[in-house]
>>> print(open('query.txt').read())   # compact mmCIF, C-alpha atoms
# COMPACT_ATOMS: atom_id res chain seq x y z
CA MET G 244 18.62 68.70 31.41
CA LYS G 245 19.57 65.07 31.97
CA ILE G 246 20.48 62.78 29.08
CA ALA G 247 21.09 59.04 29.04
CA PHE G 248 23.39 57.71 26.34
CA VAL G 249 22.43 54.10 25.55
CA VAL G 250 25.24 52.21 23.79
CA GLN G 251 26.28 48.56 23.47
CA ARG G 252 29.83 48.96 24.87
CA TYR G 253 31.63 51.77 26.62
CA GLY G 254 35.17 52.13 27.92
CA LEU G 255 38.64 53.49 27.32
CA GLU G 256 39.75 50.14 25.89
CA VAL G 257 36.74 49.61 23.62
CA ASN G 258 37.83 49.48 19.97
CA GLY G 259 34.87 50.55 17.84
CA GLY G 260 33.87 53.65 15.92
CA ALA G 261 30.32 54.04 17.28
CA GLU G 262 31.49 53.36 20.82
CA LEU G 263 34.29 55.90 20.54
CA LEU G 264 31.80 58.41 19.12
CA ALA G 265 29.56 57.81 22.14
CA ARG G 266 32.39 58.36 24.62
CA TRP G 267 33.71 61.48 22.96
CA LEU G 268 30.25 63.03 22.63
CA ALA G 269 29.40 62.25 26.25
CA GLU G 270 32.62 63.80 27.53
CA HIS G 271 32.29 66.92 25.36
CA LEU G 272 28.58 67.47 26.04
CA LEU G 273 29.10 67.13 29.80
CA LYS G 274 29.68 70.88 29.95
CA TYR G 275 26.12 71.44 28.64
CA PHE G 276 24.09 68.61 30.22
CA ASP G 277 23.97 66.10 33.05
CA ILE G 278 24.92 62.86 31.26
CA ASP G 279 24.73 59.19 32.22
CA ILE G 280 25.77 56.16 30.19
CA ILE G 281 23.59 53.03 30.08
CA THR G 282 25.60 50.13 28.70
CA THR G 283 26.74 46.53 29.15
CA THR G 284 29.70 45.07 31.00
CA ALA G 285 31.09 43.69 27.71
CA MET G 286 34.21 44.73 25.84
CA ASP G 287 34.13 42.03 23.12
CA TYR G 288 31.14 42.29 20.79
CA ASN G 289 31.77 38.77 19.46
CA THR G 290 30.92 37.20 22.82
CA TRP G 291 29.39 39.97 25.02
CA LYS G 292 31.16 38.29 27.95
CA PRO G 293 31.50 40.44 31.11
CA HIS G 294 34.68 42.49 31.25
CA TYR G 295 33.81 45.53 33.36
CA PRO G 296 32.20 45.23 36.81
CA GLU G 297 28.42 45.41 36.83
CA GLY G 298 26.91 48.47 38.50
CA LYS G 299 27.73 52.15 38.72
CA SER G 300 31.12 53.62 37.83
CA GLU G 301 32.71 56.70 36.29
CA ILE G 302 35.10 57.51 33.44
CA ASN G 303 36.38 61.05 32.84
CA GLY G 304 33.55 62.56 34.87
CA VAL G 305 30.76 60.61 33.11
CA THR G 306 28.58 58.29 35.23
CA ILE G 307 28.13 54.79 33.82
CA HIS G 308 25.49 52.16 34.59
CA ARG G 309 26.60 48.69 33.42
CA PHE G 310 24.54 45.52 33.06
CA ASN G 311 25.53 41.95 32.28
CA VAL G 312 24.38 40.46 28.98
CA SER G 313 22.03 37.50 29.52
CA LYS G 314 22.90 35.59 26.35
CA PRO G 315 26.50 35.41 25.13
CA ARG G 316 26.72 35.48 21.36
CA ASN G 317 26.98 32.09 19.64
CA MET G 318 28.81 33.00 16.45
CA PHE G 319 27.95 29.76 14.63
CA TYR G 320 24.23 30.20 15.30
CA PHE G 321 24.36 33.92 14.52
CA ASP G 322 26.21 33.40 11.23
CA LEU G 323 23.72 30.69 10.24
CA LEU G 324 20.77 32.98 10.93
CA SER G 325 22.50 35.79 9.03
CA LYS G 326 22.73 33.61 5.92
CA PHE G 327 18.99 32.95 6.11
CA VAL G 328 17.75 36.49 6.75
CA PHE G 329 20.17 38.20 4.36
CA HIS G 330 19.94 35.85 1.40
CA LEU G 331 16.72 33.79 1.59
CA GLY G 332 13.03 34.44 1.97
CA HIS G 333 12.09 34.05 5.63
CA PRO G 334 9.29 34.54 8.16
CA ALA G 335 9.38 37.63 10.36
CA PHE G 336 10.15 35.66 13.54
CA LEU G 337 13.57 34.70 12.13
CA GLU G 338 14.59 38.37 12.11
CA LYS G 339 13.66 38.62 15.80
CA ALA G 340 15.73 35.49 16.45
CA TRP G 341 18.60 37.04 14.48
CA MET G 342 18.45 40.21 16.59
CA ASP G 343 18.41 38.26 19.85
CA ALA G 344 21.35 36.16 18.63
CA GLN G 345 23.32 39.23 17.64
CA GLY G 346 22.78 40.93 20.99
CA PRO G 347 23.58 42.39 23.31
CA TYR G 348 20.52 40.70 24.84
CA CYS G 349 20.32 42.58 28.12
CA PRO G 350 16.88 42.65 29.79
CA ASP G 351 18.28 44.27 32.95
CA MET G 352 19.32 47.29 30.88
CA ILE G 353 15.83 47.61 29.43
CA GLU G 354 14.27 47.28 32.88
CA PHE G 355 16.55 50.09 34.12
CA ILE G 356 15.35 52.33 31.28
CA LYS G 357 11.70 51.62 32.16
CA LYS G 358 12.20 52.28 35.87
CA ASN G 359 14.16 55.49 35.23
CA TYR G 360 12.08 56.84 32.35
CA ASP G 361 11.04 59.90 34.36
CA ASN G 362 14.59 60.59 35.56
CA TYR G 363 15.91 61.46 32.08
CA ASP G 364 14.80 64.12 29.63
CA ILE G 365 16.26 62.37 26.56
CA PHE G 366 17.52 58.87 25.82
CA LEU G 367 20.20 59.14 23.15
CA PHE G 368 20.71 55.74 21.49
CA ILE G 369 23.90 55.10 19.55
CA THR G 370 23.75 52.80 16.52
CA TYR G 371 20.61 51.35 14.95
CA LEU G 372 22.05 47.85 14.53
CA TYR G 373 22.15 46.11 17.89
CA ALA G 374 19.61 44.59 20.27
CA HIS G 375 20.09 47.26 22.94
CA THR G 376 18.47 49.73 20.52
CA HIS G 377 15.82 47.37 19.16
CA MET G 378 14.73 46.41 22.68
CA GLY G 379 15.37 49.75 24.34
CA LEU G 380 13.56 52.13 22.00
CA PRO G 381 10.02 51.00 22.96
CA ALA G 382 10.93 51.39 26.65
CA ALA G 383 12.07 54.99 26.06
CA GLU G 384 9.51 55.97 23.38
CA GLY G 385 8.56 59.63 23.54
CA LYS G 386 12.04 60.69 24.66
CA VAL G 387 14.26 59.10 22.02
CA VAL G 388 16.97 60.59 19.80
CA LEU G 389 18.93 58.16 17.63
CA ILE G 390 22.43 58.40 16.23
CA PRO G 391 22.00 55.64 13.61
CA ALA G 392 25.65 55.26 12.49
CA ALA G 393 24.12 53.52 9.47
CA HIS G 394 25.62 52.56 6.16
CA ASP G 395 24.43 50.55 3.18
CA GLU G 396 24.72 46.99 4.48
CA PRO G 397 22.50 43.87 4.45
CA PRO G 398 20.94 44.34 7.93
CA LEU G 399 19.54 47.73 6.94
CA ARG G 400 17.22 45.94 4.49
CA LEU G 401 15.55 43.82 7.19
CA SER G 402 11.94 44.68 8.03
CA ILE G 403 12.70 44.49 11.75
CA PHE G 404 14.33 47.92 11.55
CA LYS G 405 11.18 49.74 10.44
CA ASP G 406 10.18 50.29 14.06
CA VAL G 407 13.73 51.25 15.00
CA PHE G 408 13.45 54.24 12.66
CA ARG G 409 9.78 54.93 13.46
CA ILE G 410 10.13 55.45 17.21
CA PRO G 411 12.80 58.21 17.56
CA SER G 412 11.66 61.81 17.85
CA GLY G 413 14.87 63.04 16.19
CA PHE G 414 18.05 61.91 14.49
CA ILE G 415 21.69 62.95 14.57
CA TYR G 416 23.41 61.86 11.36
CA ASN G 417 27.13 61.59 10.74
CA THR G 418 27.10 62.51 7.04
CA ILE G 419 24.78 63.73 4.30
CA GLU G 420 25.15 60.31 2.64
CA GLU G 421 23.82 58.60 5.75
CA LYS G 422 20.78 60.89 5.90
CA GLU G 423 20.02 60.37 2.21
CA LEU G 424 20.36 56.59 2.58
CA LEU G 425 17.95 56.44 5.51
CA SER G 426 15.51 58.80 3.82
CA ARG G 427 15.35 56.40 0.88
CA ARG G 428 14.91 53.37 3.11
CA PHE G 429 12.67 54.73 5.89
CA ASP G 430 10.30 57.66 6.48
CA VAL G 431 12.76 59.79 8.43
CA GLU G 432 13.03 62.93 6.30
CA GLU G 433 10.00 64.53 7.98
CA LYS G 434 11.42 64.07 11.48
CA PRO G 435 13.82 66.60 13.05
CA GLY G 436 17.43 65.82 12.30
CA ILE G 437 20.87 67.34 11.94
CA ILE G 438 24.13 66.29 10.31
CA ALA G 439 26.79 66.66 12.97
CA GLY G 440 29.63 64.17 12.72
CA VAL G 441 32.30 64.20 15.40
CA GLY G 442 35.31 66.22 16.44
CA ILE G 443 38.76 64.74 16.94
CA ASN G 444 40.67 64.66 20.23
CA LEU G 445 44.32 65.42 19.53
CA PRO G 446 47.16 65.13 22.04
CA ASP G 447 48.64 68.50 22.95
CA ASN G 448 51.88 67.67 21.16
CA VAL G 449 52.37 64.77 18.78
CA ASP G 450 55.91 63.44 19.11
CA PRO G 451 56.86 61.86 15.77
CA GLU G 452 59.58 59.76 17.44
CA ILE G 453 57.30 57.79 19.77
CA ALA G 454 56.29 55.41 16.99
CA PHE G 455 59.87 54.26 16.55
CA GLU G 456 60.70 53.55 20.20
CA LYS G 457 59.23 50.04 20.06
CA PHE G 458 59.54 49.59 16.29
CA PRO G 459 62.90 51.06 15.23
CA GLN G 460 62.76 49.11 11.93
CA LEU G 461 60.19 51.64 10.69
CA LYS G 462 62.38 54.72 11.14
CA GLY G 463 63.24 56.21 7.77
CA LYS G 464 61.09 53.63 5.97
CA ASP G 465 57.93 54.02 3.94
CA TYR G 466 54.82 52.50 5.47
CA ILE G 467 51.05 52.68 5.14
CA ILE G 468 48.77 52.32 8.13
CA PHE G 469 45.42 50.76 9.03
CA VAL G 470 43.67 51.90 12.23
CA GLY G 471 40.59 50.27 13.68
CA ARG G 472 38.92 46.94 14.23
CA VAL G 473 41.00 44.25 12.56
CA SER G 474 38.15 42.33 10.97
CA THR G 475 37.02 40.92 7.64
CA SER G 476 33.87 43.03 8.10
CA LYS G 477 36.19 46.05 7.82
CA ASP G 478 37.97 44.48 4.81
CA ALA G 479 41.26 44.33 6.68
CA ASP G 480 41.92 41.04 4.88
CA VAL G 481 41.58 42.80 1.52
CA LEU G 482 44.18 45.38 2.54
CA VAL G 483 46.63 42.69 3.68
CA ASP G 484 46.24 40.80 0.40
CA TYR G 485 46.63 43.96 -1.70
CA PHE G 486 49.66 45.06 0.31
CA LEU G 487 51.51 41.76 -0.04
CA LYS G 488 50.71 41.63 -3.76
CA PHE G 489 51.97 45.22 -4.13
CA ARG G 490 55.31 44.34 -2.51
CA GLU G 491 55.69 41.24 -4.65
CA GLU G 492 54.79 42.89 -7.96
CA THR G 493 56.62 46.20 -7.48
CA GLY G 494 59.58 45.00 -5.39
CA ARG G 495 59.23 48.07 -3.17
CA GLU G 496 60.42 48.02 0.41
CA ILE G 497 57.31 49.22 2.17
CA TYR G 498 55.67 48.23 5.47
CA LEU G 499 52.08 47.88 6.60
CA VAL G 500 51.30 48.93 10.19
CA ILE G 501 48.04 47.63 11.65
CA LEU G 502 46.82 49.42 14.78
CA GLY G 503 43.93 47.84 16.64
CA LYS G 504 42.57 44.46 17.57
CA GLY G 505 39.90 42.15 16.24
CA GLU G 506 38.96 38.60 15.46
CA MET G 507 40.94 38.38 12.21
CA ILE G 508 44.23 36.50 12.23
CA VAL G 509 46.75 38.54 10.24
CA LYS G 510 49.26 36.69 8.08
CA GLU G 511 52.76 36.70 9.53
CA HIS G 512 55.16 38.66 7.36
CA PRO G 513 58.29 40.68 8.22
CA ALA G 514 56.80 43.74 6.45
CA ILE G 515 53.55 43.65 8.48
CA VAL G 516 53.89 45.35 11.86
CA LEU G 517 51.25 44.68 14.53
CA PRO G 518 51.50 47.06 17.51
CA GLY G 519 47.93 46.16 18.51
CA PHE G 520 46.06 48.58 20.76
CA VAL G 521 48.26 51.62 21.51
CA SER G 522 47.96 54.91 23.37
CA GLU G 523 46.58 58.01 21.66
CA ASP G 524 50.06 59.56 21.62
CA GLU G 525 51.48 56.49 19.89
CA LYS G 526 48.58 56.27 17.46
CA PHE G 527 48.97 59.81 16.20
CA SER G 528 52.74 59.39 15.98
CA PHE G 529 52.28 56.33 13.76
CA ILE G 530 49.74 58.19 11.60
CA LYS G 531 51.93 61.28 11.29
CA ASN G 532 54.86 59.25 9.95
CA ALA G 533 52.80 57.14 7.54
CA ARG G 534 52.89 57.76 3.81
CA ALA G 535 49.14 57.11 3.75
CA LEU G 536 46.34 55.87 5.96
CA VAL G 537 44.25 53.21 4.24
CA ASN G 538 40.61 52.52 5.11
CA PRO G 539 39.52 49.61 2.90
CA SER G 540 36.07 49.21 4.49
CA ARG G 541 33.06 49.20 2.19
CA PHE G 542 30.67 49.95 5.06
CA GLU G 543 31.17 53.20 6.96
CA SER G 544 28.83 55.88 8.29
CA LEU G 545 31.69 58.21 9.25
CA SER G 546 35.36 57.32 9.29
CA MET G 547 36.95 59.09 12.23
CA VAL G 548 40.38 57.74 11.33
CA LEU G 549 40.26 59.75 8.09
CA LEU G 550 39.80 62.92 10.13
CA GLU G 551 42.66 61.90 12.43
CA ALA G 552 44.93 61.30 9.44
CA TRP G 553 44.06 64.62 7.85
CA LEU G 554 44.80 66.52 11.06
CA MET G 555 48.27 64.96 10.83
CA GLU G 556 48.41 66.05 7.15
CA THR G 557 48.59 62.42 6.09
CA PRO G 558 46.80 61.54 2.83
CA VAL G 559 44.33 58.66 2.76
CA MET G 560 43.28 55.84 0.49
CA VAL G 561 39.69 54.60 0.80
CA SER G 562 37.45 52.02 -0.78
CA GLY G 563 35.73 53.33 -3.89
CA LYS G 564 32.86 50.99 -2.98
CA CYS G 565 32.02 53.01 0.15
CA GLU G 566 29.98 56.06 -0.81
CA VAL G 567 30.61 57.84 2.50
CA THR G 568 34.40 57.65 2.64
CA ARG G 569 34.76 58.10 -1.11
CA ASN G 570 32.71 61.31 -1.03
CA GLN G 571 34.47 62.53 2.12
CA THR G 572 37.77 62.10 0.33
CA VAL G 573 36.52 63.87 -2.80
CA ARG G 574 35.09 66.79 -0.80
CA SER G 575 38.28 67.20 1.20
CA GLY G 576 40.77 66.60 -1.60
CA GLY G 577 42.61 64.60 1.04
CA GLY G 578 43.38 61.41 -0.83
CA LEU G 579 42.47 58.77 -3.37
CA SER G 580 40.02 55.88 -3.69
CA PHE G 581 40.51 52.39 -5.09
CA ALA G 582 37.99 49.89 -6.41
CA ASP G 583 40.29 46.91 -6.98
CA TYR G 584 43.94 45.89 -6.75
CA ASP G 585 44.99 47.70 -9.93
CA SER G 586 43.63 51.04 -8.73
CA PHE G 587 45.12 50.39 -5.27
CA GLN G 588 48.54 49.87 -6.84
CA GLU G 589 48.18 52.92 -9.05
CA GLY G 590 47.11 55.15 -6.15
CA LEU G 591 49.81 53.96 -3.78
CA ILE G 592 52.53 54.45 -6.39
CA GLN G 593 51.23 57.97 -6.99
CA ILE G 594 51.45 58.78 -3.27
CA LEU G 595 54.87 57.18 -2.85
CA ASP G 596 56.45 58.75 -5.94
CA ASN G 597 54.95 62.23 -5.74
CA ARG G 598 55.66 63.49 -2.24
CA GLU G 599 54.66 67.04 -3.09
CA LYS G 600 51.24 65.96 -4.34
CA ALA G 601 50.78 63.67 -1.33
CA HIS G 602 51.60 66.55 1.00
CA GLU G 603 49.07 68.77 -0.80
CA MET G 604 46.42 66.10 -0.22
CA GLY G 605 47.26 65.97 3.47
CA VAL G 606 47.13 69.76 3.84
CA SER G 607 43.81 69.90 1.98
CA GLY G 608 42.42 67.20 4.28
CA ARG G 609 43.52 69.13 7.36
CA LYS G 610 41.82 72.31 6.15
CA TYR G 611 38.59 70.39 5.44
CA THR G 612 38.62 68.75 8.87
CA GLU G 613 39.29 71.98 10.75
CA GLU G 614 36.50 73.77 8.88
CA ASN G 615 33.87 71.05 9.31
CA TYR G 616 34.75 69.00 12.39
CA SER G 617 35.85 71.34 15.16
CA TRP G 618 34.55 70.29 18.56
CA GLN G 619 33.17 73.73 19.34
CA HIS G 620 31.04 73.69 16.19
CA ILE G 621 29.78 70.15 16.82
CA GLU G 622 29.11 70.68 20.53
CA GLU G 623 27.03 73.79 19.86
CA LYS G 624 25.13 72.16 17.00
CA ILE G 625 24.20 69.04 18.95
CA SER G 626 23.39 70.85 22.20
CA GLU G 627 21.05 73.28 20.42
CA PHE G 628 19.37 70.40 18.62
CA LEU G 629 18.80 68.43 21.83
CA LYS G 630 17.34 71.51 23.52
CA SER G 631 14.97 72.03 20.60
CA ILE G 632 13.91 68.37 20.72
CA LEU G 633 13.18 68.69 24.44
CA LYS G 634 10.97 71.74 23.79
CA SER G 635 9.02 69.74 21.21
CA PHE G 636 8.09 67.24 23.94
CA ASP G 637 6.16 69.92 25.85
>>> encode(input="query.txt", output="structure tokens")
Amino acid sequence: MKIAFVVQRYGLEVNGGAELLARWLAEHLLKYFDIDIITTTAMDYNTWKPHYPEGKSEINGVTIHRFNVSKPRNMFYFDLLSKFVFHLGHPAFLEKAWMDAQGPYCPDMIEFIKKNYDNYDIFLFITYLYAHTHMGLPAAEGKVVLIPAAHDEPPLRLSIFKDVFRIPSGFIYNTIEEKELLSRRFDVEEKPGIIAGVGINLPDNVDPEIAFEKFPQLKGKDYIIFVGRVSTSKDADVLVDYFLKFREETGREIYLVILGKGEMIVKEHPAIVLPGFVSEDEKFSFIKNARALVNPSRFESLSMVLLEAWLMETPVMVSGKCEVTRNQTVRSGGGLSFADYDSFQEGLIQILDNREKAHEMGVSGRKYTEENYSWQHIEEKISEFLKSILKSFD
């Protein structure tokens, strides 16, 4: 059985949740299926400029077919179109223009799918949002499974996505909240689907001292940590503002560590530490030593960094405005949620001042993650689902 994963970006250096999900799933399902990746040469989703060589390559045993994007993203034009389609009445053609402007606009990728339609049993598209899915689904119709990675955000309300959710023969959801959201918005509940999520790849041994080799000022100090794309779309700016206000109002000596890269310029402050993009060993060392991992994003379909934190027995703080992460945190007992600065301050003080309770949260989160997100469980669930979908094509 041969499966093509179709995803907007793919690579060891790519910093994005859906892209990381695609890579991990491809590498773990390689033991069950023959898997290829169909993707772009881009690493930066803000520009889609070429970064990787075009053509055929391989990462960790997975074959990759890369194609250059024909239209780099013009952020001014895209943001202008977004204001129209999200907030004003508009003709249908503007949504098509918005999708093309968002990208990745990659006709060569679509042509490859058409020419190789008979060479793959299933085309597994990752994320509903981007042009590679909107343009690619019709080319692969009849053999499509979609991992939507959807959350309640303005694009999901555009009419252009009705066909995106009509074409797939099956769906792999990350959470029950995602499935319920899409069932309310589109007619997907009658199509085959499973709730799978993702497992977490842990280093064999997490050395708690690695984090302090380059940043010795953190050793023995309290800090909270953000991991992911450093972007206003992920509310990283909200976290920075809340953190600085917390230090000023409480007078506490606490640091904020921000792991990852993005388009947002972070305010310079001696208590804000910016390691950038780090190795997996370093990342888990930073998380293990943190008093809490904070995910302030209002828009998530599955937060893998929560699972990573819980496996390190680190409690989390999440946005109370995000149904998915809030409910994940409630189900796991692994942390707290905040809706505004006051509740952020209250929750952080609780974690800082009650170490025993914070440890209990972390342990509860670890138990929840091990019970629900083991790779063996997820691999078997997804592989059986894909085999059943293939039989339905006969």
>>> closest_atom_pairs(input="query.txt", of="stretch 397-463 of chain G", to="stretch 526-547 of chain G", cutoff="9 Å", atoms="only C-alpha atoms", output="Markdown table")
| residue | atom | partner | partner_atom | distance |
| --- | --- | --- | --- | --- |
| G:Tyr416 | CA | G:Ser544 | CA | 8.6 |
| G:Asn417 | CA | G:Leu545 | CA | 5.9 |
| G:Thr418 | CA | G:Leu545 | CA | 6.7 |
| G:Glu420 | CA | G:Ser544 | CA | 8.1 |
| G:Glu421 | CA | G:Ser544 | CA | 6.2 |
| G:Gly440 | CA | G:Leu545 | CA | 7.2 |
| G:Val441 | CA | G:Met547 | CA | 7.6 |
| G:Gly442 | CA | G:Met547 | CA | 8.4 |
| G:Ile443 | CA | G:Met547 | CA | 7.6 |
| G:Leu445 | CA | G:Phe527 | CA | 8.0 |
| G:Pro446 | CA | G:Phe527 | CA | 8.1 |
| G:Val449 | CA | G:Ser528 | CA | 6.1 |
| G:Asp450 | CA | G:Ser528 | CA | 6.0 |
| G:Pro451 | CA | G:Ser528 | CA | 4.8 |
| G:Glu452 | CA | G:Ser528 | CA | 7.0 |
| G:Ile453 | CA | G:Ser528 | CA | 6.1 |
| G:Ala454 | CA | G:Phe529 | CA | 5.2 |
| G:Phe455 | CA | G:Phe529 | CA | 8.3 |
| G:Lys462 | CA | G:Asn532 | CA | 8.9 |
>>> residues_around(input="query.txt", residues="G:Ile497", least_positions_apart="5", cutoff="10 Å", atoms="only C-alpha atoms", output="mmCIF file with C-alpha atoms, keeping the file's coordinate frame")
data_model
loop_
_atom_site.group_PDB
_atom_site.id
_atom_site.type_symbol
_atom_site.label_atom_id
_atom_site.label_comp_id
_atom_site.auth_asym_id
_atom_site.auth_seq_id
_atom_site.Cartn_x
_atom_site.Cartn_y
_atom_site.Cartn_z
ATOM 1 C CA LEU G 461 60.190 51.640 10.690
ATOM 2 C CA LYS G 464 61.090 53.630 5.970
ATOM 3 C CA ASP G 465 57.930 54.020 3.940
ATOM 4 C CA TYR G 466 54.820 52.500 5.470
ATOM 5 C CA ILE G 467 51.050 52.680 5.140
ATOM 6 C CA PHE G 486 49.660 45.060 0.310
ATOM 7 C CA LEU G 487 51.510 41.760 -0.040
ATOM 8 C CA PHE G 489 51.970 45.220 -4.130
ATOM 9 C CA ARG G 490 55.310 44.340 -2.510
ATOM 10 C CA ALA G 514 56.800 43.740 6.450
ATOM 11 C CA ILE G 515 53.550 43.650 8.480
ATOM 12 C CA ARG G 534 52.890 57.760 3.810
ATOM 13 C CA LEU G 595 54.870 57.180 -2.850
#
>>> residues_around(input="query.txt", residues="G:Trp553", least_positions_apart="2", cutoff="9 Å", atoms="all atoms listed in the file", output="list of chain:residue names")
G:Val548, G:Leu549, G:Leu550, G:Glu551, G:Met555, G:Glu556, G:Thr557, G:Pro558, G:Val559, G:Gly577, G:Met604, G:Gly605, G:Val606, G:Ser607, G:Gly608, G:Arg609, G:Lys610, G:Tyr611, G:Thr612
>>> atom_distance(input="query.txt", atom1="atom CA of G:Lys504", atom2="atom CA of G:Gly519")
5.7 Å
>>> atom_distance(input="query.txt", atom1="atom CA of G:Pro435", atom2="atom CA of G:Asn362")
23.3 Å
>>> atom_distance(input="query.txt", atom1="atom CA of G:Gly413", atom2="atom CA of G:Tyr371")
13.1 Å
>>> residues_around(input="query.txt", residues="stretch 248-251 of chain G", least_positions_apart="6", cutoff="8 Å", atoms="all atoms listed in the file", output="PyMOL selection string")
chain G and resi 262+265+269+278-283+347+366-370+373+375-376
>>> closest_residue(input="query.txt", among="G:Lys457, G:His271, G:Lys422, G:His308", to="G:Pro391", atoms="all atoms listed in the file")
G:Lys422
>>> residues_around(input="query.txt", residues="stretch 322-334 of chain G", least_positions_apart="2", cutoff="9 Å", atoms="only C-alpha atoms", output="PyMOL selection string")
chain G and resi 317-320+336-338+340-341+344+397-398+400-401
>>> residues_around(input="query.txt", residues="G:Glu433", least_positions_apart="6", cutoff="12 Å", atoms="all atoms listed in the file", output="number ranges by chain")
G: 408-409, 411-414, 422, 425-426
>>> write_last_selection(input="query.txt", atoms="C-alpha atoms", output="short mmCIF file (atom, residue, chain, number, x, y, z; two decimals), in the coordinates of the input")
data_model
loop_
_atom_site.label_atom_id
_atom_site.label_comp_id
_atom_site.auth_asym_id
_atom_site.auth_seq_id
_atom_site.Cartn_x
_atom_site.Cartn_y
_atom_site.Cartn_z
CA PHE G 408 13.45 54.24 12.66
CA ARG G 409 9.78 54.93 13.46
CA PRO G 411 12.80 58.21 17.56
CA SER G 412 11.66 61.81 17.85
CA GLY G 413 14.87 63.04 16.19
CA PHE G 414 18.05 61.91 14.49
CA LYS G 422 20.78 60.89 5.90
CA LEU G 425 17.95 56.44 5.51
CA SER G 426 15.51 58.80 3.82
#
>>> closest_residue(input="query.txt", among="G:Asp524, G:Glu423, G:Glu622, G:Glu603", to="G:Gly578", atoms="all atoms listed in the file")
G:Glu603
>>> closest_residue(input="query.txt", among="G:Pro518, G:Pro459, G:Pro293, G:Gly590", to="G:Ile501", atoms="all atoms listed in the file")
G:Pro518
>>> closest_residue(input="query.txt", among="G:Ile390, G:Ala382, G:Ala479, G:Ile415", to="G:Ser562", atoms="all atoms listed in the file")
G:Ala479
>>> closest_residue(input="query.txt", among="G:Val431, G:Leu399, G:Ile410, G:Ile307", to="G:Lys386", atoms="only C-alpha atoms")
G:Ile410
>>> build_atoms(input="query.txt", residues="stretch 380-392 of chain G", atoms="N, CA and C atoms", output="PDB file, keeping the file's coordinate frame")
ATOM      1  N   LEU G 380      14.351  51.024  22.526  1.00  0.00           N
ATOM      2  CA  LEU G 380      13.560  52.130  22.000  1.00  0.00           C
ATOM      3  C   LEU G 380      12.110  52.121  22.493  1.00  0.00           C
ATOM      4  N   PRO G 381      11.408  50.981  22.458  1.00  0.00           N
ATOM      5  CA  PRO G 381      10.020  51.000  22.960  1.00  0.00           C
ATOM      6  C   PRO G 381       9.939  51.411  24.426  1.00  0.00           C
ATOM      7  N   ALA G 382      10.942  51.038  25.227  1.00  0.00           N
ATOM      8  CA  ALA G 382      10.930  51.390  26.650  1.00  0.00           C
ATOM      9  C   ALA G 382      11.122  52.883  26.860  1.00  0.00           C
ATOM     10  N   ALA G 383      11.776  53.558  25.915  1.00  0.00           N
ATOM     11  CA  ALA G 383      12.070  54.990  26.060  1.00  0.00           C
ATOM     12  C   ALA G 383      11.245  55.849  25.095  1.00  0.00           C
ATOM     13  N   GLU G 384      10.276  55.250  24.419  1.00  0.00           N
ATOM     14  CA  GLU G 384       9.510  55.970  23.380  1.00  0.00           C
ATOM     15  C   GLU G 384       8.916  57.266  23.938  1.00  0.00           C
ATOM     16  N   GLY G 385       9.012  58.301  23.124  1.00  0.00           N
ATOM     17  CA  GLY G 385       8.560  59.630  23.540  1.00  0.00           C
ATOM     18  C   GLY G 385       9.702  60.523  23.975  1.00  0.00           C
ATOM     19  N   LYS G 386      10.875  59.909  24.228  1.00  0.00           N
ATOM     20  CA  LYS G 386      12.040  60.690  24.660  1.00  0.00           C
ATOM     21  C   LYS G 386      13.301  60.275  23.901  1.00  0.00           C
ATOM     22  N   VAL G 387      13.146  59.740  22.707  1.00  0.00           N
ATOM     23  CA  VAL G 387      14.260  59.100  22.020  1.00  0.00           C
ATOM     24  C   VAL G 387      14.856  59.981  20.929  1.00  0.00           C
ATOM     25  N   VAL G 388      16.192  60.081  20.936  1.00  0.00           N
ATOM     26  CA  VAL G 388      16.970  60.590  19.800  1.00  0.00           C
ATOM     27  C   VAL G 388      17.938  59.474  19.415  1.00  0.00           C
ATOM     28  N   LEU G 389      18.079  59.243  18.114  1.00  0.00           N
ATOM     29  CA  LEU G 389      18.930  58.160  17.630  1.00  0.00           C
ATOM     30  C   LEU G 389      20.084  58.695  16.799  1.00  0.00           C
ATOM     31  N   ILE G 390      21.283  58.238  17.120  1.00  0.00           N
ATOM     32  CA  ILE G 390      22.430  58.400  16.230  1.00  0.00           C
ATOM     33  C   ILE G 390      22.567  57.071  15.498  1.00  0.00           C
ATOM     34  N   PRO G 391      22.090  56.961  14.259  1.00  0.00           N
ATOM     35  CA  PRO G 391      22.000  55.640  13.610  1.00  0.00           C
ATOM     36  C   PRO G 391      23.354  54.993  13.328  1.00  0.00           C
ATOM     37  N   ALA G 392      24.359  55.804  12.939  1.00  0.00           N
ATOM     38  CA  ALA G 392      25.650  55.260  12.490  1.00  0.00           C
ATOM     39  C   ALA G 392      25.406  54.178  11.447  1.00  0.00           C
TER      40      ALA G 392
END
